[in-house]
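Student: First the structure, which I've put down as structure tokens, then a few questions once you've had a look.
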Protein chains: 2
Amino acid sequence: MENLSHKQQEIRQRESRILDLARPMIAQGGVAALSMEAIAHELRTAKGTVYNHFRNKEEIVLALAIVAVERRLELFHQAAMMRGRPRDRVAAIGIACEVYVNQFPELFRIESIIRHDSIWEKTSPERQEVLRTCEGRCMHSVAGVVRDAVAGGDLEVAGAHGVEDIVFGLWSLVFGGMLLELTSPSLADVGIADSRQAIRRNCNALLDGLGWQPLYQADAYQAWVAHVREYLTGRISQESQG
Amino acid sequence: MENLSHKQQEIRQRESRILDLARPMIAQGGVAALSMEAIAHELRTAKGTVYNHFRNKEEIVLALAIVAVERRLELFHQAAMMRGRPRDRVAAIGIACEVYVNQFPELFRIESIIRHDSIWEKTSPERQEVLRTCEGRCMHSVAGVVRDAVAGGDLEVAGAHGVEDIVFGLWSLVFGGMLLELTSPSLADVGIADSRQAIRRNCNALLDGLGWQPLYQADAYQAWVAHVREYLTGRISQESQG
DNA sequence: CTGAAAATTGACGACTTGTCAAAAGTGACG
DNA sequence: CGTCACTTTTGACAAGTCGTCAATTTTCAG
């Protein structure tokens, strides 16, 4: 019969079910709220079985982080492949970040948890490697657009400010900004009403400062943002249905 | 006698001793490595006594975060008060960030821990308020310099891009960049050799993009950085001696 | 049907955090 | 000096967690 297949399948399914169970737990209260016992209980299985899939609590977090970066990567790719001048395409990736955080806030949170403290150290090198390459591909995606800009003459990489530094700058700005938005209790008190808009504006200022042509143009940018956002969210809902 | 004073003093001293003991623990392995029992043991005291000072593990983290932001604020103030054009003074604050992270890496780490997950929620509103105002003062410090720039005609705050948004941008860029430097395992793999330099360059690009006069000028900037760094580190070593 | 290999189980050890009644210490006042 | 209210300290305790592992059950090829 399909007994072999049956058992194997059950095991494989369990793996993703564990992840599905873990996700909201972490989203709610961080790693501390992720309870192996609770997972085992909800799975109607013994604790040992869960440990059979993941050596660690931390390993689960890492596995989820990988899911997160995969999702992010998908969106990045779609954004980077849109038709337009390079500057439009970086902008699109920025919007992809926004869409990502809107659509999967828990995953964004998990991404920032995995970076932290002691969690990373307790995970297996193999899985670490997976995340690393996934992250690398994300940056590569952005770097490609930057290189296109250079190739097309829209941008000059001056002196020691290389392509990677620019990617790093955008990454810092967007990641930092969104992290602050997520975790800073005092943002509103300080006068940042719409942090997303602020991030977008600052990204444009950064690109302008680098001399990336064509420089920021409010109207065109607004229209483009709307277009990209619709395109990307459309794609998402399509996929989650399929 | 001074018996009353004696007891009171002992208690107050214990409070800071607890913090001193907690600091390296957290630095080493995050909140998980912070053990109330270990602290009590090292203090040669019962657990209950420690709980007499801090309701929570988390409360200790928050207390340390406040220390952290206070240190940061000191440096910001000194940097912001340096003599020079506003653009030089923002740059100085950027350097202050670097000095801060170099000098107190554990505190920077703690700052980013307190933001996280469930920790914040478990702390008392009173202490939360303290941190919030402290953070607010930091931003105020930067905002002051930006306003000076506007007042002096070096910078125009165009349209909806207000003073606060600029502060937020710099904050994102520096905070995000340093967090990535601290926690991203793949930075070197991706071609970011000197992340600090990258951050500085990106900050300058951002300011240039905002049209903040005088625009970036490599030589002058380098010299200024060296000067500020020396000034601030001198101040620090002075204080820790006194 | 059989028997080796794989998966599952759950009691267990070791360790936490946070509580709380009881014990010890403190100091003002007669 | 004695007493007595008040504060501080104590450490056993309840409740909970993680991760292990010998024993048990399940699987499945031959």
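Note on naming: chains are A, B, ... as they come in the structure tokens, residues start from 1 per chain, ligands start from 1 in the order shown.
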Enumerate as a short mmCIF file (atom, residue, chain, number, x, y, z; two decimals) with C-alpha atoms (C1' of nucleotides), in the first residue's frame the residues belonging to chain C that approach chain B to within 9 Å, with only C-alpha atoms (C1' of nucleotides) taken into account.
Tutor:
data_model
loop_
_atom_site.label_atom_id
_atom_site.label_comp_id
_atom_site.auth_asym_id
_atom_site.auth_seq_id
_atom_site.Cartn_x
_atom_site.Cartn_y
_atom_site.Cartn_z
"C1'" DT C 16 13.75 28.37 36.62
"C1'" DT C 17 10.89 32.15 38.48
"C1'" DG C 18 8.20 34.34 41.75
"C1'" DT C 19 5.60 33.94 46.47
"C1'" DT C 26 15.73 48.08 63.51
"C1'" DG C 27 14.64 52.07 66.01
#
Student: For chain A against chain B, with a cut-off of 7 Å and counting only C-alpha atoms, what is the closest atom pair and its distance in Å to one decimal for every residue that makes the cut, ordered by chain and number, as JSON lines?
Tutor:
{"residue": "A:Gly29", "atom": "CA", "partner": "B:Ser118", "partner_atom": "CA", "distance": 4.9}
{"residue": "A:Gly30", "atom": "CA", "partner": "B:Asp117", "partner_atom": "CA", "distance": 5.0}
{"residue": "A:Arg115", "atom": "CA", "partner": "B:Thr183", "partner_atom": "CA", "distance": 5.4}
{"residue": "A:His116", "atom": "CA", "partner": "B:Thr183", "partner_atom": "CA", "distance": 6.8}
{"residue": "A:Asp117", "atom": "CA", "partner": "B:Gly30", "partner_atom": "CA", "distance": 5.0}
{"residue": "A:Ser118", "atom": "CA", "partner": "B:Gly29", "partner_atom": "CA", "distance": 5.0}
{"residue": "A:Arg132", "atom": "CA", "partner": "B:Ser186", "partner_atom": "CA", "distance": 5.9}
{"residue": "A:Gly136", "atom": "CA", "partner": "B:Val190", "partner_atom": "CA", "distance": 6.6}
{"residue": "A:Glu164", "atom": "CA", "partner": "B:Gly191", "partner_atom": "CA", "distance": 6.0}
{"residue": "A:Asp165", "atom": "CA", "partner": "B:Ala198", "partner_atom": "CA", "distance": 5.6}
{"residue": "A:Gly169", "atom": "CA", "partner": "B:Asn202", "partner_atom": "CA", "distance": 5.8}
{"residue": "A:Ser172", "atom": "CA", "partner": "B:Gly176", "partner_atom": "CA", "distance": 4.5}
{"residue": "A:Leu173", "atom": "CA", "partner": "B:Leu173", "partner_atom": "CA", "distance": 4.4}
{"residue": "A:Phe175", "atom": "CA", "partner": "B:Gly176", "partner_atom": "CA", "distance": 6.2}
{"residue": "A:Gly176", "atom": "CA", "partner": "B:Gly176", "partner_atom": "CA", "distance": 3.8}
{"residue": "A:Gly177", "atom": "CA", "partner": "B:Ser172", "partner_atom": "CA", "distance": 4.7}
{"residue": "A:Thr183", "atom": "CA", "partner": "B:Arg115", "partner_atom": "CA", "distance": 5.4}
{"residue": "A:Ser184", "atom": "CA", "partner": "B:Arg115", "partner_atom": "CA", "distance": 6.8}
{"residue": "A:Ser186", "atom": "CA", "partner": "B:Arg132", "partner_atom": "CA", "distance": 5.9}
{"residue": "A:Val190", "atom": "CA", "partner": "B:Gly136", "partner_atom": "CA", "distance": 6.6}
{"residue": "A:Gly191", "atom": "CA", "partner": "B:Glu164", "partner_atom": "CA", "distance": 6.0}
{"residue": "A:Ile192", "atom": "CA", "partner": "B:Glu164", "partner_atom": "CA", "distance": 6.3}
{"residue": "A:Ala198", "atom": "CA", "partner": "B:Asp165", "partner_atom": "CA", "distance": 5.6}
{"residue": "A:Ile199", "atom": "CA", "partner": "B:Gly169", "partner_atom": "CA", "distance": 6.8}
{"residue": "A:Asn202", "atom": "CA", "partner": "B:Gly169", "partner_atom": "CA", "distance": 5.8}
{"residue": "A:Ala205", "atom": "CA", "partner": "B:Gly209", "partner_atom": "CA", "distance": 4.5}
{"residue": "A:Leu206", "atom": "CA", "partner": "B:Leu206", "partner_atom": "CA", "distance": 4.1}
{"residue": "A:Asp208", "atom": "CA", "partner": "B:Gly209", "partner_atom": "CA", "distance": 4.8}
{"residue": "A:Gly209", "atom": "CA", "partner": "B:Gly209", "partner_atom": "CA", "distance": 3.5}
{"residue": "A:Leu210", "atom": "CA", "partner": "B:Ala205", "partner_atom": "CA", "distance": 5.7}
Student: Take the selection from the previous step and output its residues with N, CA and C atoms, as a CSV table (one decimal), in the first residue's frame.
Tutor:
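Dumped to again.csv:
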chain,number,residue,atom,x,y,z
A,29,GLY,N,4.3,36.4,22.3
A,29,GLY,CA,5.1,36.8,23.4
A,29,GLY,C,6.6,36.5,23.3
A,30,GLY,N,7.1,36.4,22.1
A,30,GLY,CA,8.5,36.2,21.9
A,30,GLY,C,8.8,34.7,22.2
A,115,ARG,N,18.0,37.3,15.2
A,115,ARG,CA,19.3,38.0,15.2
A,115,ARG,C,19.8,38.0,16.6
A,116,HIS,N,18.9,38.0,17.6
A,116,HIS,CA,19.2,38.4,18.9
A,116,HIS,C,20.0,37.4,19.7
A,117,ASP,N,20.7,37.9,20.6
A,117,ASP,CA,21.4,37.2,21.7
A,117,ASP,C,21.8,35.8,21.4
A,118,SER,N,21.4,35.0,22.4
A,118,SER,CA,21.9,33.7,22.5
A,118,SER,C,21.1,32.7,21.6
A,132,ARG,N,21.5,32.2,6.0
A,132,ARG,CA,22.6,33.1,5.5
A,132,ARG,C,22.5,33.2,4.0
A,136,GLY,N,21.5,36.4,1.8
A,136,GLY,CA,22.5,36.8,0.8
A,136,GLY,C,21.7,37.1,-0.5
A,164,GLU,N,27.8,47.6,-2.7
A,164,GLU,CA,27.4,46.9,-1.4
A,164,GLU,C,27.1,47.9,-0.3
A,165,ASP,N,27.9,49.0,-0.3
A,165,ASP,CA,27.6,50.0,0.7
A,165,ASP,C,26.2,50.6,0.5
A,169,GLY,N,23.2,50.6,3.0
A,169,GLY,CA,22.5,51.8,3.5
A,169,GLY,C,21.0,51.7,3.4
A,172,SER,N,19.8,49.3,6.0
A,172,SER,CA,19.8,49.9,7.4
A,172,SER,C,18.6,50.8,7.6
A,173,LEU,N,18.4,51.6,6.6
A,173,LEU,CA,17.4,52.7,6.7
A,173,LEU,C,16.0,52.0,6.8
A,175,PHE,N,15.2,48.7,7.3
A,175,PHE,CA,15.1,47.7,8.5
A,175,PHE,C,15.1,48.5,9.8
A,176,GLY,N,16.0,49.4,9.9
A,176,GLY,CA,16.0,50.2,11.2
A,176,GLY,C,14.7,51.0,11.4
A,177,GLY,N,14.3,51.6,10.3
A,177,GLY,CA,13.0,52.4,10.5
A,177,GLY,C,11.9,51.5,10.9
A,183,THR,N,8.9,48.8,17.5
A,183,THR,CA,9.3,48.6,18.9
A,183,THR,C,9.5,49.9,19.7
A,184,SER,N,9.4,51.1,19.1
A,184,SER,CA,9.7,52.2,19.8
A,184,SER,C,8.4,52.8,20.4
A,186,SER,N,8.0,55.5,21.9
A,186,SER,CA,8.0,57.0,22.0
A,186,SER,C,7.9,57.7,20.6
A,190,VAL,N,7.1,61.8,19.7
A,190,VAL,CA,8.2,62.7,19.2
A,190,VAL,C,7.9,63.3,17.9
A,191,GLY,N,6.7,63.0,17.4
A,191,GLY,CA,6.3,63.7,16.2
A,191,GLY,C,6.3,63.0,14.9
A,192,ILE,N,6.6,61.7,15.0
A,192,ILE,CA,6.6,60.8,13.8
A,192,ILE,C,5.2,60.2,13.7
A,198,ALA,N,7.8,58.5,6.3
A,198,ALA,CA,9.1,59.1,6.6
A,198,ALA,C,10.2,58.2,6.1
A,199,ILE,N,10.0,56.9,6.2
A,199,ILE,CA,11.0,56.0,5.6
A,199,ILE,C,11.2,56.1,4.1
A,202,ASN,N,12.9,59.3,3.3
A,202,ASN,CA,14.4,59.2,3.7
A,202,ASN,C,15.1,58.4,2.7
A,205,ALA,N,15.7,60.6,-0.2
A,205,ALA,CA,16.8,61.5,0.0
A,205,ALA,C,18.1,60.9,-0.1
A,206,LEU,N,18.2,59.7,0.4
A,206,LEU,CA,19.5,58.9,0.4
A,206,LEU,C,19.9,58.7,-1.1
A,208,ASP,N,18.9,60.3,-3.7
A,208,ASP,CA,19.2,61.6,-4.3
A,208,ASP,C,20.6,62.1,-3.9
A,209,GLY,N,20.9,61.8,-2.7
A,209,GLY,CA,22.3,62.2,-2.2
A,209,GLY,C,23.4,61.5,-2.9
A,210,LEU,N,23.0,60.3,-3.4
A,210,LEU,CA,24.0,59.5,-4.1
A,210,LEU,C,24.1,59.9,-5.6
Student: Please tabulate, as a tab-separated table, the residues of chain D that come within 10 Å of chain B, each with its closest pair of atoms and the distance in Å to one decimal, counting only C-alpha atoms (C1' of nucleotides) and ordering rows by chain, then residue number upward.
Tutor:
residue	atom	partner	partner_atom	distance
D:DT8	C1'	B:Thr49	CA	8.2
D:DT9	C1'	B:Thr49	CA	6.4
D:DT10	C1'	B:Ala46	CA	6.1
D:DG11	C1'	B:Ala46	CA	7.1
Student: For the residues in that selection, give me C-alpha atoms (C1' of nucleotides) as an mmCIF file, in the first residue's frame.
Tutor:
data_model
loop_
_atom_site.group_PDB
_atom_site.id
_atom_site.type_symbol
_atom_site.label_atom_id
_atom_site.label_comp_id
_atom_site.auth_asym_id
_atom_site.auth_seq_id
_atom_site.Cartn_x
_atom_site.Cartn_y
_atom_site.Cartn_z
ATOM 1 C "C1'" DT D 8 13.809 43.692 55.869
ATOM 2 C "C1'" DT D 9 15.439 39.165 55.066
ATOM 3 C "C1'" DT D 10 14.963 34.443 54.523
ATOM 4 C "C1'" DG D 11 14.493 30.032 52.185
#
Student: Using Å and a single decimal, report how far atom CA of Leu107 of chain A sits from atom CA of Ala68 of chain A.
Tutor: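 Those two atoms sit 5.2 Å apart.
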